[in-house]
Amino acid sequence: YPIMKKVAEDFGDRVKFSYRHFPLKDIHPNSELAARVAEEAGLQGKFWEMHDVIFENQELWSASTNARQMFLTYAGVIGLDADRLEADIDSPEVADKVESDYQTGFTLQVFGTPTFFLNGVKLTPNPRSYDEFKIILETALKQAA
């Protein structure tokens, strides 16, 4: 998350990020709920704001027995309609979107998070630092020019 945040800040509109959900349900029991919360926040126009809050507070909610309430609190902090969020995170539309993203990732041989694709090609290995990612992106931008 910190690497992606810095890439977004430094590269601005020169790169575009597309996010796909790939909750590691077996390892992180609240990850699917977190994905559905982020997806519903997107329906309210605040996906990235919720994404950031979720990742910044991952240690707090990931093992919590009350993650749902924590996510509703985060919704209030970023200005979402918490009642709508609570109603919609269990909707078939939101659940289907998260599951579709997960199945697509599985098909593309995503085995962990994060996994990065650049122009549709999986980066193998994943960049392990900001500097590695920066070199990959700068090279791709030069080739595209």
# chains A, B, ... in the order shown; residues from 1 in each chain; ligands from 1
call {"tool": "closest_atom_pairs", "arguments": {"of": "region 76-145 of chain A", "to": "region 37-43 of chain A", "cutoff": "8 Å", "atoms": "only C-alpha atoms", "output": "Markdown table"}}
result
| residue | atom | partner | partner_atom | distance |
| --- | --- | --- | --- | --- |
| A:Leu80 | CA | A:Ala41 | CA | 7.1 |
| A:Leu85 | CA | A:Glu40 | CA | 6.2 |
| A:Asp88 | CA | A:Glu40 | CA | 6.5 |
| A:Ile89 | CA | A:Val37 | CA | 5.8 |
| A:Val94 | CA | A:Glu39 | CA | 6.4 |
| A:Lys97 | CA | A:Glu39 | CA | 7.9 |
| A:Val98 | CA | A:Glu39 | CA | 7.5 |
call {"tool": "residues_around", "arguments": {"residues": "Arg20 (chain A)", "least_positions_apart": "3", "cutoff": "10 Å", "atoms": "only C-alpha atoms", "output": "NGL selection string"}}
result
:A and (17 or 23 or 35 or 39 or 97-98 or 100-102 or 104-105 or 114-115)
call {"tool": "select_by_dssp", "arguments": {"residues": "region 14-138 of chain A", "states": "strand (DSSP E or B)", "output": "MDAnalysis selection string"}}
result
chainID A and resid 117:118 121:122
call {"tool": "write_last_selection", "arguments": {"atoms": "C-alpha atoms", "output": "CSV table (one decimal), in the first residue's frame"}}
result
chain,number,residue,atom,x,y,z
A,117,PHE,CA,-0.3,-6.2,-14.3
A,118,LEU,CA,1.2,-3.6,-16.6
A,121,VAL,CA,0.9,-8.4,-18.6
A,122,LYS,CA,1.5,-9.8,-15.1
call {"tool": "residues_around", "arguments": {"residues": "Phe116 (chain A)", "least_positions_apart": "6", "cutoff": "9 Å", "atoms": "only C-alpha atoms", "output": "list in words"}}
result
Lys122, Leu123, Thr124, Asn126 and Pro127 of chain A
call {"tool": "closest_residue", "arguments": {"among": "A:Asp13, A:Tyr1, A:Lys46, A:Asp26", "to": "Gln58 (chain A)", "atoms": "only C-alpha atoms"}}
result
A:Tyr1
call {"tool": "closest_residue", "arguments": {"among": "A:Val110, A:Ala87, A:Ile27, A:Ile78", "to": "Ser62 (chain A)", "atoms": "only C-alpha atoms"}}
result
A:Ile27
call {"tool": "atom_distance", "arguments": {"atom1": "CA of Ile3 (chain A)", "atom2": "CA of Glu49 (chain A)"}}
result
16.5 Å
call {"tool": "closest_residue", "arguments": {"among": "A:Phe22, A:Phe111, A:Tyr74, A:Phe11", "to": "Asp52 (chain A)", "atoms": "only C-alpha atoms"}}
result
A:Tyr74
call {"tool": "closest_residue", "arguments": {"among": "A:Val53, A:Leu108, A:Ala95, A:Val7", "to": "Glu132 (chain A)", "atoms": "only C-alpha atoms"}}
result
A:Val7
call {"tool": "closest_residue", "arguments": {"among": "A:Ile54, A:Met4, A:Val15, A:Ala63", "to": "His28 (chain A)", "atoms": "only C-alpha atoms"}}
result
A:Ala63
call {"tool": "atom_distance", "arguments": {"atom1": "CA of Arg36 (chain A)", "atom2": "CA of Glu9 (chain A)"}}
result
25.6 Å
call {"tool": "residues_around", "arguments": {"residues": "Asn30 (chain A)", "least_positions_apart": "2", "cutoff": "8 Å", "atoms": "only C-alpha atoms", "output": "PDB file with N, CA and C atoms, in the first residue's frame"}}
result
ATOM      1  N   LYS A  25      -9.436 -15.079   1.604  1.00  0.00           N
ATOM      2  CA  LYS A  25     -10.395 -15.467   2.637  1.00  0.00           C
ATOM      3  C   LYS A  25      -9.840 -16.495   3.623  1.00  0.00           C
ATOM      4  N   HIS A  28      -7.155 -14.286   5.681  1.00  0.00           N
ATOM      5  CA  HIS A  28      -7.707 -13.082   6.317  1.00  0.00           C
ATOM      6  C   HIS A  28      -9.239 -13.175   6.333  1.00  0.00           C
ATOM      7  N   GLU A  32     -12.952 -10.535   2.698  1.00  0.00           N
ATOM      8  CA  GLU A  32     -14.069 -10.449   1.753  1.00  0.00           C
ATOM      9  C   GLU A  32     -15.018  -9.327   2.153  1.00  0.00           C
ATOM     10  N   LEU A  33     -15.269  -9.188   3.433  1.00  0.00           N
ATOM     11  CA  LEU A  33     -16.098  -8.078   3.910  1.00  0.00           C
ATOM     12  C   LEU A  33     -15.444  -6.744   3.564  1.00  0.00           C
ATOM     13  N   ALA A  34     -14.143  -6.640   3.752  1.00  0.00           N
ATOM     14  CA  ALA A  34     -13.424  -5.409   3.409  1.00  0.00           C
ATOM     15  C   ALA A  34     -13.566  -5.098   1.923  1.00  0.00           C
ATOM     16  N   TRP A  61      -8.668  -4.016  11.938  1.00  0.00           N
ATOM     17  CA  TRP A  61      -9.885  -4.737  11.569  1.00  0.00           C
ATOM     18  C   TRP A  61      -9.642  -6.177  11.130  1.00  0.00           C
ATOM     19  N   SER A  62      -8.430  -6.488  10.688  1.00  0.00           N
ATOM     20  CA  SER A  62      -8.207  -7.796  10.055  1.00  0.00           C
ATOM     21  C   SER A  62      -8.522  -8.980  10.970  1.00  0.00           C
ATOM     22  N   ALA A  63      -8.245  -8.861  12.229  1.00  0.00           N
ATOM     23  CA  ALA A  63      -8.509  -9.968  13.153  1.00  0.00           C
ATOM     24  C   ALA A  63      -9.683  -9.664  14.085  1.00  0.00           C
ATOM     25  N   SER A  64     -10.368  -8.582  13.831  1.00  0.00           N
ATOM     26  CA  SER A  64     -11.453  -8.159  14.703  1.00  0.00           C
ATOM     27  C   SER A  64     -12.674  -9.051  14.557  1.00  0.00           C
ATOM     28  N   ALA A  67     -15.480  -6.358  12.774  1.00  0.00           N
ATOM     29  CA  ALA A  67     -14.984  -5.596  11.628  1.00  0.00           C
ATOM     30  C   ALA A  67     -16.099  -4.813  10.942  1.00  0.00           C
TER      31      ALA A  67
END
call {"tool": "select_by_dssp", "arguments": {"residues": "chain A", "states": "helix (DSSP H, G or I)", "output": "ChimeraX atom specification"}}
result
/A:2-14,31-43,47-56,58-61,67-77,82-88,92-107,130-144
call {"tool": "write_last_selection", "arguments": {"atoms": "C-alpha atoms", "output": "short mmCIF file (atom, residue, chain, number, x, y, z; two decimals), in the first residue's frame"}}
result
data_model
loop_
_atom_site.label_atom_id
_atom_site.label_comp_id
_atom_site.auth_asym_id
_atom_site.auth_seq_id
_atom_site.Cartn_x
_atom_site.Cartn_y
_atom_site.Cartn_z
CA PRO A 2 2.68 2.59 0.83
CA ILE A 3 4.47 1.84 -2.45
CA MET A 4 1.27 2.24 -4.46
CA LYS A 5 0.45 5.48 -2.66
CA LYS A 6 3.86 6.92 -3.55
CA VAL A 7 3.62 5.74 -7.17
CA ALA A 8 0.22 7.43 -7.49
CA GLU A 9 1.57 10.66 -5.99
CA ASP A 10 4.74 10.74 -8.07
CA PHE A 11 3.35 9.58 -11.41
CA GLY A 12 -0.01 11.36 -11.20
CA ASP A 13 -2.03 11.07 -14.37
CA ARG A 14 0.82 9.42 -16.29
CA SER A 31 -10.93 -9.64 3.73
CA GLU A 32 -14.07 -10.45 1.75
CA LEU A 33 -16.10 -8.08 3.91
CA ALA A 34 -13.42 -5.41 3.41
CA ALA A 35 -13.63 -5.91 -0.36
CA ARG A 36 -17.42 -5.59 -0.31
CA VAL A 37 -17.16 -2.43 1.82
CA ALA A 38 -14.71 -0.88 -0.64
CA GLU A 39 -16.89 -1.89 -3.58
CA GLU A 40 -19.99 -0.34 -2.03
CA ALA A 41 -18.01 2.80 -1.18
CA GLY A 42 -17.23 2.97 -4.89
CA LEU A 43 -20.94 2.98 -5.63
CA PHE A 47 -13.74 3.78 -3.50
CA TRP A 48 -10.20 5.13 -3.17
CA GLU A 49 -10.97 6.95 0.08
CA MET A 50 -12.31 3.73 1.62
CA HIS A 51 -9.47 1.73 0.08
CA ASP A 52 -6.98 4.00 1.84
CA VAL A 53 -8.75 3.82 5.21
CA ILE A 54 -9.00 0.04 4.96
CA PHE A 55 -5.29 -0.39 4.24
CA GLU A 56 -4.19 2.21 6.78
CA GLN A 58 -5.65 -3.20 8.36
CA GLU A 59 -4.04 -4.31 11.60
CA LEU A 60 -7.07 -3.12 13.56
CA TRP A 61 -9.89 -4.74 11.57
CA ALA A 67 -14.98 -5.60 11.63
CA ARG A 68 -18.39 -4.70 10.20
CA GLN A 69 -18.90 -2.03 12.86
CA MET A 70 -15.38 -0.74 12.30
CA PHE A 71 -16.06 -0.38 8.57
CA LEU A 72 -19.28 1.51 9.30
CA THR A 73 -17.28 3.88 11.49
CA TYR A 74 -14.78 4.40 8.67
CA ALA A 75 -17.70 5.13 6.34
CA GLY A 76 -18.78 7.98 8.59
CA VAL A 77 -15.25 9.34 8.75
CA ALA A 82 -23.31 4.46 6.53
CA ASP A 83 -26.90 3.17 6.42
CA ARG A 84 -26.64 2.63 2.67
CA LEU A 85 -23.24 0.97 3.11
CA GLU A 86 -24.62 -1.39 5.74
CA ALA A 87 -27.58 -2.31 3.53
CA ASP A 88 -25.60 -2.72 0.32
CA PRO A 92 -25.99 -9.58 -4.64
CA GLU A 93 -24.60 -6.79 -6.88
CA VAL A 94 -21.69 -6.05 -4.55
CA ALA A 95 -21.03 -9.70 -3.66
CA ASP A 96 -21.11 -10.70 -7.35
CA LYS A 97 -18.62 -7.97 -8.30
CA VAL A 98 -16.15 -9.05 -5.61
CA GLU A 99 -16.56 -12.72 -6.56
CA SER A 100 -16.17 -11.92 -10.27
CA ASP A 101 -12.93 -10.05 -9.57
CA TYR A 102 -11.71 -12.97 -7.46
CA GLN A 103 -12.50 -15.53 -10.15
CA THR A 104 -10.82 -13.41 -12.82
CA GLY A 105 -7.72 -13.17 -10.64
CA PHE A 106 -7.73 -16.92 -10.14
CA THR A 107 -7.99 -17.41 -13.92
CA TYR A 130 9.19 1.79 -4.84
CA ASP A 131 12.47 2.09 -6.75
CA GLU A 132 11.83 -1.20 -8.61
CA PHE A 133 8.31 -0.12 -9.50
CA LYS A 134 9.52 3.32 -10.58
CA ILE A 135 12.05 1.81 -13.01
CA ILE A 136 9.42 -0.52 -14.50
CA LEU A 137 6.95 2.34 -14.99
CA GLU A 138 9.50 4.79 -16.36
CA THR A 139 10.68 2.17 -18.86
CA ALA A 140 7.11 1.48 -19.98
CA LEU A 141 6.38 5.19 -20.32
CA LYS A 142 9.50 5.73 -22.44
CA GLN A 143 8.56 2.81 -24.70
CA ALA A 144 5.03 4.18 -25.11
#
